[in-house]
file my_file_5.pdb (PDB, C-alpha atoms)
ATOM      1  CA  MET A 912     -85.342   7.115  -2.555
ATOM      2  CA  LYS A 913     -84.946   3.922  -0.560
ATOM      3  CA  LEU A 914     -83.152   5.548   2.365
ATOM      4  CA  VAL A 915     -85.891   8.153   2.844
ATOM      5  CA  ASN A 916     -88.556   5.447   2.843
ATOM      6  CA  ILE A 917     -86.699   3.412   5.454
ATOM      7  CA  LEU A 918     -86.423   6.405   7.768
ATOM      8  CA  LEU A 919     -90.090   7.237   7.225
ATOM      9  CA  ASP A 920     -91.065   3.681   8.113
ATOM     10  CA  ALA A 921     -88.952   3.933  11.269
ATOM     11  CA  VAL A 922     -90.515   7.173  12.540
ATOM     12  CA  ASP A 923     -93.975   5.891  11.600
ATOM     13  CA  ALA A 924     -93.367   2.826  13.756
ATOM     14  CA  ALA A 925     -92.330   5.026  16.685
ATOM     15  CA  LYS A 926     -95.353   7.286  16.247
ATOM     16  CA  THR A 927     -97.766   4.350  16.053
ATOM     17  CA  LEU A 928     -96.266   2.797  19.179
ATOM     18  CA  VAL A 929     -96.717   6.014  21.141
ATOM     19  CA  LEU A 930    -100.222   6.825  19.921
ATOM     20  CA  ASP A 931    -101.432   3.267  20.564
ATOM     21  CA  ASN A 932    -100.130   3.289  24.140
ATOM     22  CA  MET A 933    -101.045   6.699  25.514
ATOM     23  CA  ASP A 934    -102.352   5.022  28.657
ATOM     24  CA  LYS A 935     -98.676   4.394  29.527
ATOM     25  CA  GLN A 936     -97.489   7.956  28.917
ATOM     26  CA  THR A 937     -96.380   8.625  32.507
ATOM     27  CA  LEU A 938     -94.656   5.293  33.153
ATOM     28  CA  LYS A 939     -90.869   5.248  33.523
ATOM     29  CA  THR A 940     -88.438   2.398  32.991
ATOM     30  CA  GLY A 941     -86.681   3.047  36.294
ATOM     31  CA  GLY A 942     -83.392   3.613  34.490
ATOM     32  CA  GLN A 943     -81.512   6.477  32.879
ATOM     33  CA  ASN A 944     -80.609   6.953  29.240
ATOM     34  CA  ALA A 945     -77.130   7.409  27.803
ATOM     35  CA  TYR A 946     -77.277  11.130  28.673
ATOM     36  CA  GLY A 947     -78.304  10.699  32.315
ATOM     37  CA  ASP A 948     -82.010  11.503  31.949
ATOM     38  CA  HIS A 949     -84.770   9.349  33.441
ATOM     39  CA  THR A 950     -86.373   7.347  30.647
ATOM     40  CA  LEU A 951     -90.088   7.150  29.909
ATOM     41  CA  LEU A 952     -91.278   3.677  28.996
ATOM     42  CA  LEU A 953     -92.680   4.980  25.708
ATOM     43  CA  ASP A 954     -89.324   6.586  24.837
ATOM     44  CA  ALA A 955     -87.598   3.240  25.194
ATOM     45  CA  GLN A 956     -90.312   1.326  23.338
ATOM     46  CA  ALA A 957     -90.426   3.866  20.489
ATOM     47  CA  GLU A 958     -86.662   3.587  20.163
ATOM     48  CA  ASP A 959     -86.944  -0.207  20.057
ATOM     49  CA  GLU A 960     -89.420   0.118  17.184
ATOM     50  CA  ILE A 961     -87.077   2.382  15.230
ATOM     51  CA  ILE A 962     -84.172  -0.010  15.743
ATOM     52  CA  ARG A 963     -86.338  -2.953  14.671
ATOM     53  CA  VAL A 964     -87.350  -1.263  11.412
ATOM     54  CA  LEU A 965     -83.768  -0.264  10.642
ATOM     55  CA  HIS A 966     -82.454  -3.782  11.322
ATOM     56  CA  GLU A 967     -85.153  -5.333   9.122
ATOM     57  CA  SER A 968     -84.547  -2.925   6.215
ATOM     58  CA  GLY A 969     -81.775  -4.857   4.491
ATOM     59  CA  VAL A 970     -79.403  -1.871   4.859
ATOM     60  CA  ALA A 971     -76.488  -2.081   7.294
ATOM     61  CA  PHE A 972     -76.949   0.634   9.920
ATOM     62  CA  SER A 973     -74.940   1.555  12.979
ATOM     63  CA  ILE A 974     -77.281   3.485  15.258
ATOM     64  CA  LEU A 975     -76.662   6.266  17.784
ATOM     65  CA  THR A 976     -79.719   6.680  19.986
ATOM     66  CA  GLU A 977     -80.816   8.876  22.869
ATOM     67  CA  GLU A 978     -81.764   5.988  25.150
ATOM     68  CA  ARG A 979     -79.162   3.309  24.381
ATOM     69  CA  GLY A 980     -76.223   5.270  23.049
ATOM     70  CA  MET A 981     -74.290   3.508  20.278
ATOM     71  CA  VAL A 982     -75.825   0.341  18.809
ATOM     72  CA  PRO A 983     -73.152  -1.158  16.538
ATOM     73  CA  CYS A 984     -73.772  -2.928  13.270
ATOM     74  CA  GLU A 985     -72.710  -6.483  12.592
ATOM     75  CA  GLY A 986     -70.130  -6.181   9.852
ATOM     76  CA  GLU A 987     -69.381  -3.001   7.910
ATOM     77  CA  PRO A 988     -72.190  -0.402   8.146
ATOM     78  CA  ASP A 989     -73.503   1.535   5.161
ATOM     79  CA  TYR A 990     -74.810   4.382   7.314
ATOM     80  CA  LEU A 991     -74.715   5.788  10.796
ATOM     81  CA  VAL A 992     -78.241   6.703  11.869
ATOM     82  CA  VAL A 993     -78.718   9.233  14.693
ATOM     83  CA  VAL A 994     -82.052   8.826  16.480
ATOM     84  CA  ASP A 995     -84.162  10.854  18.894
ATOM     85  CA  PRO A 996     -87.207   8.581  19.320
ATOM     86  CA  VAL A 997     -89.332  10.989  21.397
ATOM     87  CA  ASP A 998     -88.405  14.664  21.571
ATOM     88  CA  GLY A 999     -90.737  16.370  24.010
ATOM     89  CA  SER A1000     -90.996  13.606  26.594
ATOM     90  CA  SER A1001     -92.208  16.011  29.273
ATOM     91  CA  ASN A1002     -94.959  17.144  26.907
ATOM     92  CA  LEU A1003     -95.956  13.550  26.292
ATOM     93  CA  GLU A1004     -96.055  12.864  30.011
ATOM     94  CA  ARG A1005     -98.348  15.889  30.547
ATOM     95  CA  ASN A1006    -100.703  15.415  27.570
ATOM     96  CA  ILE A1007     -99.266  18.407  25.704
ATOM     97  CA  PRO A1008     -99.561  17.508  21.999
ATOM     98  CA  LEU A1009     -96.111  18.709  20.895
ATOM     99  CA  VAL A1010     -93.921  15.626  20.459
ATOM    100  CA  THR A1011     -91.622  14.552  17.629
ATOM    101  CA  ALA A1012     -89.255  11.827  16.498
ATOM    102  CA  GLY A1013     -86.166  12.660  14.465
ATOM    103  CA  ILE A1014     -83.661  10.575  12.481
ATOM    104  CA  SER A1015     -80.601  11.531  10.460
ATOM    105  CA  ALA A1016     -78.613   9.192   8.190
ATOM    106  CA  ILE A1017     -74.938   9.734   7.429
ATOM    107  CA  PRO A1018     -72.854   7.647   4.995
ATOM    108  CA  PHE A1019     -70.531   5.694   7.240
ATOM    109  CA  LYS A1020     -66.826   6.524   7.337
ATOM    110  CA  PRO A1021     -64.205   6.683  10.097
ATOM    111  CA  THR A1022     -64.847  10.364  10.841
ATOM    112  CA  MET A1023     -68.304  11.891  10.328
ATOM    113  CA  THR A1024     -69.608  15.416  10.893
ATOM    114  CA  THR A1025     -72.936  17.221  10.700
ATOM    115  CA  ASP A1026     -72.013  18.366   7.178
ATOM    116  CA  ASP A1027     -72.135  14.724   6.050
ATOM    117  CA  ILE A1028     -75.840  14.172   6.821
ATOM    118  CA  GLU A1029     -77.543  12.812   3.717
ATOM    119  CA  VAL A1030     -81.168  12.579   4.874
ATOM    120  CA  SER A1031     -83.145  13.683   7.927
ATOM    121  CA  VAL A1032     -86.763  12.958   8.795
ATOM    122  CA  ILE A1033     -88.777  14.548  11.612
ATOM    123  CA  GLU A1034     -92.337  13.484  12.385
ATOM    124  CA  SER A1035     -94.624  15.495  14.663
ATOM    125  CA  PHE A1036     -96.898  12.976  16.376
ATOM    126  CA  PHE A1037     -99.920  15.182  16.998
ATOM    127  CA  THR A1038     -99.741  18.174  14.626
ATOM    128  CA  LYS A1039     -99.671  16.095  11.407
ATOM    129  CA  GLU A1040     -96.373  17.519  10.182
ATOM    130  CA  ARG A1041     -93.709  15.451   8.441
ATOM    131  CA  TYR A1042     -90.447  17.129   7.478
ATOM    132  CA  ILE A1043     -87.882  15.610   5.128
ATOM    133  CA  ALA A1044     -84.471  17.122   4.363
ATOM    134  CA  VAL A1045     -82.278  15.685   1.615
ATOM    135  CA  GLN A1046     -78.762  16.999   1.170
ATOM    136  CA  GLY A1047     -78.712  19.592  -1.598
ATOM    137  CA  GLN A1048     -82.448  19.233  -2.296
ATOM    138  CA  GLY A1049     -84.087  21.385   0.397
ATOM    139  CA  VAL A1050     -86.826  20.534   2.864
ATOM    140  CA  THR A1051     -90.446  19.493   2.451
ATOM    141  CA  ARG A1052     -93.328  19.547   4.925
ATOM    142  CA  ASN A1053     -96.003  17.029   4.028
ATOM    143  CA  GLY A1054     -94.565  16.888   0.525
ATOM    144  CA  ARG A1055     -94.412  20.641  -0.144
ATOM    145  CA  PRO A1056     -91.175  22.691  -0.165
ATOM    146  CA  VAL A1057     -90.616  25.078   2.737
ATOM    147  CA  SER A1058     -88.249  27.973   3.329
ATOM    148  CA  PRO A1059     -87.285  30.165   6.291
ATOM    149  CA  ALA A1060     -88.929  33.473   7.168
ATOM    150  CA  LEU A1061     -87.862  36.697   5.494
ATOM    151  CA  PRO A1062     -85.033  38.508   7.330
ATOM    152  CA  VAL A1063     -85.988  40.704  10.296
ATOM    153  CA  ASP A1064     -83.977  42.655  12.847
ATOM    154  CA  ILE A1065     -83.580  41.081  16.282
ATOM    155  CA  GLY A1066     -86.055  43.571  17.757
ATOM    156  CA  ASP A1067     -88.768  42.206  15.479
ATOM    157  CA  ALA A1068     -87.806  38.537  15.774
ATOM    158  CA  ILE A1069     -89.853  35.804  17.418
ATOM    159  CA  ILE A1070     -87.736  32.764  18.234
ATOM    160  CA  SER A1071     -87.731  29.675  20.400
ATOM    161  CA  TYR A1072     -85.305  29.955  23.317
ATOM    162  CA  ASP A1073     -84.482  26.960  25.514
ATOM    163  CA  THR A1074     -84.188  27.961  29.177
ATOM    164  CA  ASN A1075     -84.224  24.512  30.788
ATOM    165  CA  ARG A1076     -81.115  24.732  32.996
ATOM    166  CA  SER A1077     -79.729  26.634  35.984
ATOM    167  CA  TRP A1078     -79.645  30.430  35.560
ATOM    168  CA  PHE A1079     -77.108  31.049  38.341
ATOM    169  CA  ASP A1080     -74.126  31.715  36.103
ATOM    170  CA  GLY A1081     -73.357  33.415  32.807
ATOM    171  CA  PHE A1082     -76.263  31.646  31.156
ATOM    172  CA  GLY A1083     -78.737  33.658  33.215
ATOM    173  CA  ASP A1084     -77.172  37.020  32.420
ATOM    174  CA  GLY A1085     -76.791  36.136  28.754
ATOM    175  CA  SER A1086     -80.353  34.921  28.512
ATOM    176  CA  HIS A1087     -81.708  38.116  30.061
ATOM    177  CA  ARG A1088     -79.817  40.137  27.454
ATOM    178  CA  ALA A1089     -80.986  37.965  24.559
ATOM    179  CA  LEU A1090     -84.622  37.884  25.659
ATOM    180  CA  GLU A1091     -84.667  41.640  26.200
ATOM    181  CA  ALA A1092     -83.337  42.202  22.655
ATOM    182  CA  LEU A1093     -85.959  39.964  21.008
ATOM    183  CA  HIS A1094     -89.541  40.917  20.173
ATOM    184  CA  ASP A1095     -90.918  37.718  21.753
ATOM    185  CA  ILE A1096     -90.364  33.995  22.199
ATOM    186  CA  ARG A1097     -92.333  30.799  21.559
ATOM    187  CA  ARG A1098     -91.213  27.405  22.863
ATOM    188  CA  THR A1099     -92.823  24.024  22.259
ATOM    189  CA  ALA A1100     -90.358  22.105  24.520
ATOM    190  CA  SER A1101     -89.674  19.870  21.519
ATOM    191  CA  ASN A1102     -86.494  21.357  20.091
ATOM    192  CA  LEU A1103     -86.829  19.362  16.886
ATOM    193  CA  LEU A1104     -90.250  20.871  16.239
ATOM    194  CA  ASP A1105     -88.966  24.381  16.972
ATOM    195  CA  LEU A1106     -86.141  23.830  14.496
ATOM    196  CA  CYS A1107     -88.617  22.585  11.880
ATOM    197  CA  TRP A1108     -90.717  25.707  12.447
ATOM    198  CA  THR A1109     -87.557  27.772  11.956
ATOM    199  CA  ALA A1110     -86.813  25.913   8.724
ATOM    200  CA  SER A1111     -90.372  26.473   7.481
ATOM    201  CA  GLY A1112     -90.732  30.132   8.457
ATOM    202  CA  SER A1113     -93.136  29.959  11.406
ATOM    203  CA  LEU A1114     -90.359  31.090  13.738
ATOM    204  CA  ASP A1115     -87.475  33.430  12.973
ATOM    205  CA  GLY A1116     -85.063  31.238  14.903
ATOM    206  CA  MET A1117     -84.319  28.813  17.699
ATOM    207  CA  ALA A1118     -81.576  29.168  20.309
ATOM    208  CA  ASP A1119     -80.212  26.520  22.646
ATOM    209  CA  LEU A1120     -77.145  27.964  24.364
ATOM    210  CA  ARG A1121     -77.223  25.725  27.434
ATOM    211  CA  GLY A1122     -74.283  23.600  26.272
ATOM    212  CA  ILE A1123     -76.028  20.346  27.218
ATOM    213  CA  LEU A1124     -78.198  19.326  24.230
ATOM    214  CA  PRO A1125     -77.312  15.801  23.015
ATOM    215  CA  ILE A1126     -76.039  15.285  19.470
ATOM    216  CA  VAL A1127     -79.187  13.275  18.652
ATOM    217  CA  HIS A1128     -80.903  16.579  17.759
ATOM    218  CA  ILE A1129     -78.887  17.093  14.553
ATOM    219  CA  SER A1130     -81.899  16.240  12.394
ATOM    220  CA  GLY A1131     -83.323  19.618  13.437
ATOM    221  CA  THR A1132     -80.280  21.722  12.597
ATOM    222  CA  HIS A1133     -79.998  19.831   9.316
ATOM    223  CA  MET A1134     -83.537  20.957   8.480
ATOM    224  CA  VAL A1135     -82.584  24.602   8.998
ATOM    225  CA  PHE A1136     -79.486  24.397   6.827
ATOM    226  CA  GLU A1137     -81.191  22.523   3.990
ATOM    227  CA  ALA A1138     -84.156  24.912   3.966
ATOM    228  CA  GLY A1139     -81.794  27.868   3.503
ATOM    229  CA  GLY A1140     -81.346  29.080   7.073
ATOM    230  CA  PHE A1141     -78.164  29.305   9.109
ATOM    231  CA  VAL A1142     -76.880  27.789  12.361
ATOM    232  CA  ILE A1143     -73.923  29.002  14.420
ATOM    233  CA  GLU A1144     -72.238  27.449  17.414
ATOM    234  CA  GLU A1145     -71.793  29.345  20.670
ATOM    235  CA  SER A1146     -68.216  29.989  19.534
ATOM    236  CA  GLY A1147     -69.564  31.992  16.586
ATOM    237  CA  ASP A1148     -68.464  29.430  14.006
ATOM    238  CA  ARG A1149     -70.886  27.895  11.534
ATOM    239  CA  LEU A1150     -72.281  24.718  13.121
ATOM    240  CA  HIS A1151     -69.978  21.854  12.153
ATOM    241  CA  LEU A1152     -69.822  19.122  14.775
ATOM    242  CA  PRO A1153     -68.241  15.681  14.905
ATOM    243  CA  ILE A1154     -70.721  12.859  15.343
ATOM    244  CA  GLY A1155     -70.289  10.938  18.571
ATOM    245  CA  PRO A1156     -72.242   9.988  21.693
ATOM    246  CA  ASP A1157     -70.405  12.471  23.929
ATOM    247  CA  VAL A1158     -70.864  15.537  21.697
ATOM    248  CA  ARG A1159     -73.194  18.252  22.998
ATOM    249  CA  MET A1160     -74.772  21.085  21.025
ATOM    250  CA  SER A1161     -74.962  24.807  21.819
ATOM    251  CA  PHE A1162     -76.204  26.966  18.966
ATOM    252  CA  VAL A1163     -78.388  29.652  17.451
ATOM    253  CA  ALA A1164     -80.408  28.694  14.381
ATOM    254  CA  ALA A1165     -82.140  31.413  12.383
ATOM    255  CA  SER A1166     -83.681  32.279   9.045
ATOM    256  CA  ASN A1167     -80.400  33.968   8.102
ATOM    257  CA  GLU A1168     -76.846  34.366   9.361
ATOM    258  CA  ALA A1169     -77.243  38.014  10.363
ATOM    259  CA  LEU A1170     -80.068  37.304  12.803
ATOM    260  CA  ALA A1171     -78.253  34.288  14.267
ATOM    261  CA  ARG A1172     -75.250  36.507  14.963
ATOM    262  CA  GLN A1173     -77.415  39.248  16.473
ATOM    263  CA  VAL A1174     -78.950  36.783  18.940
ATOM    264  CA  LEU A1175     -75.555  35.353  19.870
ATOM    265  CA  ALA A1176     -74.089  38.850  20.265
ATOM    266  CA  ALA A1177     -76.924  39.823  22.605
ATOM    267  CA  PHE A1178     -76.374  36.657  24.654
ATOM    268  CA  LYS A1179     -72.658  37.405  24.966
ATOM    269  CA  GLY A1180     -73.168  41.081  25.694
ATOM    270  CA  HIS A1181     -71.478  42.287  22.517
ATOM    271  CA  SER A1182     -72.805  45.409  20.832
TER     272      SER A1182
END
call {"tool": "encode", "arguments": {"input": "my_file_5.pdb", "output": "structure tokens"}}
result
Amino acid sequence: MKLVNILLDAVDAAKTLVLDNMDKQTLKTGGQNAYGDHTLLLDAQAEDEIIRVLHESGVAFSILTEERGMVPCEGEPDYLVVVDPVDGSSNLERNIPLVTAGISAIPFKPTMTTDDIEVSVIESFFTKERYIAVQGQGVTRNGRPVSPALPVDIGDAIISYDTNRSWFDGFGDGSHRALEALHDIRRTASNLLDLCWTASGSLDGMADLRGILPIVHISGTHMVFEAGGFVIEESGDRLHLPIGPDVRMSFVAASNEALARQVLAAFKGHS
């Protein structure tokens, strides 16, 4: 499939750029990205490589990126591509080998949602894992099909839980309840990798209920859905978001709907 190969070439270019320039891993550009975060030099350069590959592919792409925001296409685009060039920047900066790049492609139309994603690719730079999700065709890791873990009760579940925000409001109380209800947590600090591990059964789920995660992480939630898992928004609805630079994500992803709802109920203090 031509589209899959283009996205693979793009993440390969980003990975090569990063691995060939690890001596620059702590350098910053001095600016902030479209979401207000300070930008590592390698983040920006990896994103440039992805954009270059997409522009040279012969397919008309509009591109929504973490560092630049919206990069429009000249003329009518065939696809909108949503890009996180380096997920786990703090890991990269600290020599922690848990870093990914993720891309999703959506057939272009005036209004697009997460249900419209056709293909997603996530590449783990150091753990030699490549995940591909194709709409209606499941998910592969290094060419082999994967599926979520078998259902477990929340008290037996091990999930990733993102805590990277202030705890001095309802998030703190909710997090205490959720963490107390779970068996244990694991967190790589690369949300895309945690979502891939949820899709492939290594984790029972992944929760990010901070309300601040940029929309560029939709390649990860797409992996969970296509593998057979389930993702709910903080509202309790099945994850179904419009695609746009200002959209933020707040969700629980899990191997099955029941567990996702148990985690959310614990967070909200519902029995």
call {"tool": "atom_distance", "arguments": {"input": "my_file_5.pdb", "atom1": "CA of Lys913 (chain A)", "atom2": "CA of Ser1101 (chain A)"}}
result
27.6 Å
call {"tool": "closest_residue", "arguments": {"input": "my_file_5.pdb", "among": "A:Ile1129, A:Ser1031, A:Gly986, A:Gly1155", "to": "Val915 (chain A)", "atoms": "all atoms listed in the file"}}
result
A:Ser1031
call {"tool": "residues_around", "arguments": {"input": "my_file_5.pdb", "residues": "Asp1115 (chain A)", "least_positions_apart": "2", "cutoff": "9 Å", "atoms": "all atoms listed in the file", "output": "list in words"}}
result
Pro1059, Ala1060, Leu1061, Pro1062, Val1063, Ala1068, Ile1069, Ile1070, Ser1071, Trp1108, Thr1109, Ala1110, Gly1112, Ser1113, Met1117, Ala1164, Ala1165, Ser1166, Asn1167 and Leu1170 of chain A
call {"tool": "atom_distance", "arguments": {"input": "my_file_5.pdb", "atom1": "CA of Val922 (chain A)", "atom2": "CA of Ile1033 (chain A)"}}
result
7.6 Å
call {"tool": "closest_residue", "arguments": {"input": "my_file_5.pdb", "among": "A:Thr976, A:Val1030, A:Val982, A:Lys939", "to": "Leu914 (chain A)", "atoms": "only C-alpha atoms"}}
result
A:Val1030
call {"tool": "resolve_selection", "arguments": {"input": "my_file_5.pdb", "expression": "the PyMOL selection byres ((chain A and resi 994-1009) around 6)", "output": "list in words"}}
result
Gln936, Thr937, Asp954, Ala957, Glu958, Thr976, Glu977, Val993, Val1010, Thr1011, Ala1012, Gly1013, Ile1014, Phe1037, Ala1100, Ser1101 and Val1127 of chain A
call {"tool": "resolve_selection", "arguments": {"input": "my_file_5.pdb", "expression": "the PyMOL selection byres ((chain A and resi 926) around 8)", "output": "count of residues only"}}
result
12
call {"tool": "atom_distance", "arguments": {"input": "my_file_5.pdb", "atom1": "CA of Tyr1042 (chain A)", "atom2": "CA of Ala1016 (chain A)"}}
result
14.3 Å
call {"tool": "decode", "arguments": {"input": "my_file_5.pdb", "residues": "region 1012-1035 of chain A", "atoms": "N, CA and C atoms", "output": "CSV table (one decimal), in the first residue's frame"}}
result
chain,number,residue,atom,x,y,z
A,1012,ALA,N,8.1,8.0,17.2
A,1012,ALA,CA,7.5,8.9,16.3
A,1012,ALA,C,6.2,8.3,15.8
A,1013,GLY,N,5.2,9.2,15.6
A,1013,GLY,CA,3.9,8.7,15.2
A,1013,GLY,C,3.2,9.5,14.1
A,1014,ILE,N,2.6,8.9,13.1
A,1014,ILE,CA,1.9,9.6,12.1
A,1014,ILE,C,0.6,8.9,11.8
A,1015,SER,N,-0.4,9.7,11.6
A,1015,SER,CA,-1.7,9.2,11.1
A,1015,SER,C,-2.1,10.0,9.8
A,1016,ALA,N,-2.7,9.2,8.9
A,1016,ALA,CA,-3.2,9.8,7.6
A,1016,ALA,C,-4.7,9.7,7.5
A,1017,ILE,N,-5.3,10.8,7.2
A,1017,ILE,CA,-6.8,10.9,7.1
A,1017,ILE,C,-7.2,11.4,5.7
A,1018,PRO,N,-8.0,10.7,5.0
A,1018,PRO,CA,-8.5,11.3,3.7
A,1018,PRO,C,-9.1,12.7,3.9
A,1019,PHE,N,-8.6,13.6,3.1
A,1019,PHE,CA,-9.0,15.0,3.4
A,1019,PHE,C,-10.4,15.3,3.0
A,1020,LYS,N,-11.1,16.0,3.9
A,1020,LYS,CA,-12.5,16.5,3.6
A,1020,LYS,C,-12.7,17.7,4.6
A,1021,PRO,N,-13.7,18.5,4.4
A,1021,PRO,CA,-13.9,19.7,5.2
A,1021,PRO,C,-13.9,19.4,6.7
A,1022,THR,N,-14.5,18.3,7.1
A,1022,THR,CA,-14.6,18.0,8.5
A,1022,THR,C,-14.1,16.6,8.7
A,1023,MET,N,-13.0,16.4,9.5
A,1023,MET,CA,-12.4,15.1,9.8
A,1023,MET,C,-12.4,14.8,11.3
A,1024,THR,N,-12.6,13.5,11.6
A,1024,THR,CA,-12.6,13.1,13.0
A,1024,THR,C,-11.6,11.9,13.1
A,1025,THR,N,-11.4,11.5,14.4
A,1025,THR,CA,-10.5,10.3,14.6
A,1025,THR,C,-11.1,9.1,14.0
A,1026,ASP,N,-12.3,9.0,13.8
A,1026,ASP,CA,-12.9,7.8,13.1
A,1026,ASP,C,-12.5,7.7,11.7
A,1027,ASP,N,-12.0,8.8,11.1
A,1027,ASP,CA,-11.7,8.8,9.7
A,1027,ASP,C,-10.2,8.4,9.4
A,1028,ILE,N,-9.4,8.1,10.4
A,1028,ILE,CA,-8.0,7.7,10.2
A,1028,ILE,C,-7.9,6.5,9.3
A,1029,GLU,N,-7.2,6.5,8.3
A,1029,GLU,CA,-7.0,5.4,7.4
A,1029,GLU,C,-5.8,4.6,7.8
A,1030,VAL,N,-4.7,5.2,8.1
A,1030,VAL,CA,-3.4,4.5,8.4
A,1030,VAL,C,-2.7,5.3,9.5
A,1031,SER,N,-2.1,4.5,10.4
A,1031,SER,CA,-1.2,5.1,11.4
A,1031,SER,C,0.0,4.2,11.5
A,1032,VAL,N,1.1,4.9,11.7
A,1032,VAL,CA,2.4,4.2,11.9
A,1032,VAL,C,3.1,4.8,13.1
A,1033,ILE,N,3.6,4.0,14.0
A,1033,ILE,CA,4.4,4.4,15.1
A,1033,ILE,C,5.7,3.6,15.2
A,1034,GLU,N,6.8,4.3,15.2
A,1034,GLU,CA,8.1,3.7,15.3
A,1034,GLU,C,8.8,4.0,16.6
A,1035,SER,N,9.2,2.9,17.3
A,1035,SER,CA,10.0,3.1,18.5
A,1035,SER,C,11.5,3.1,18.2
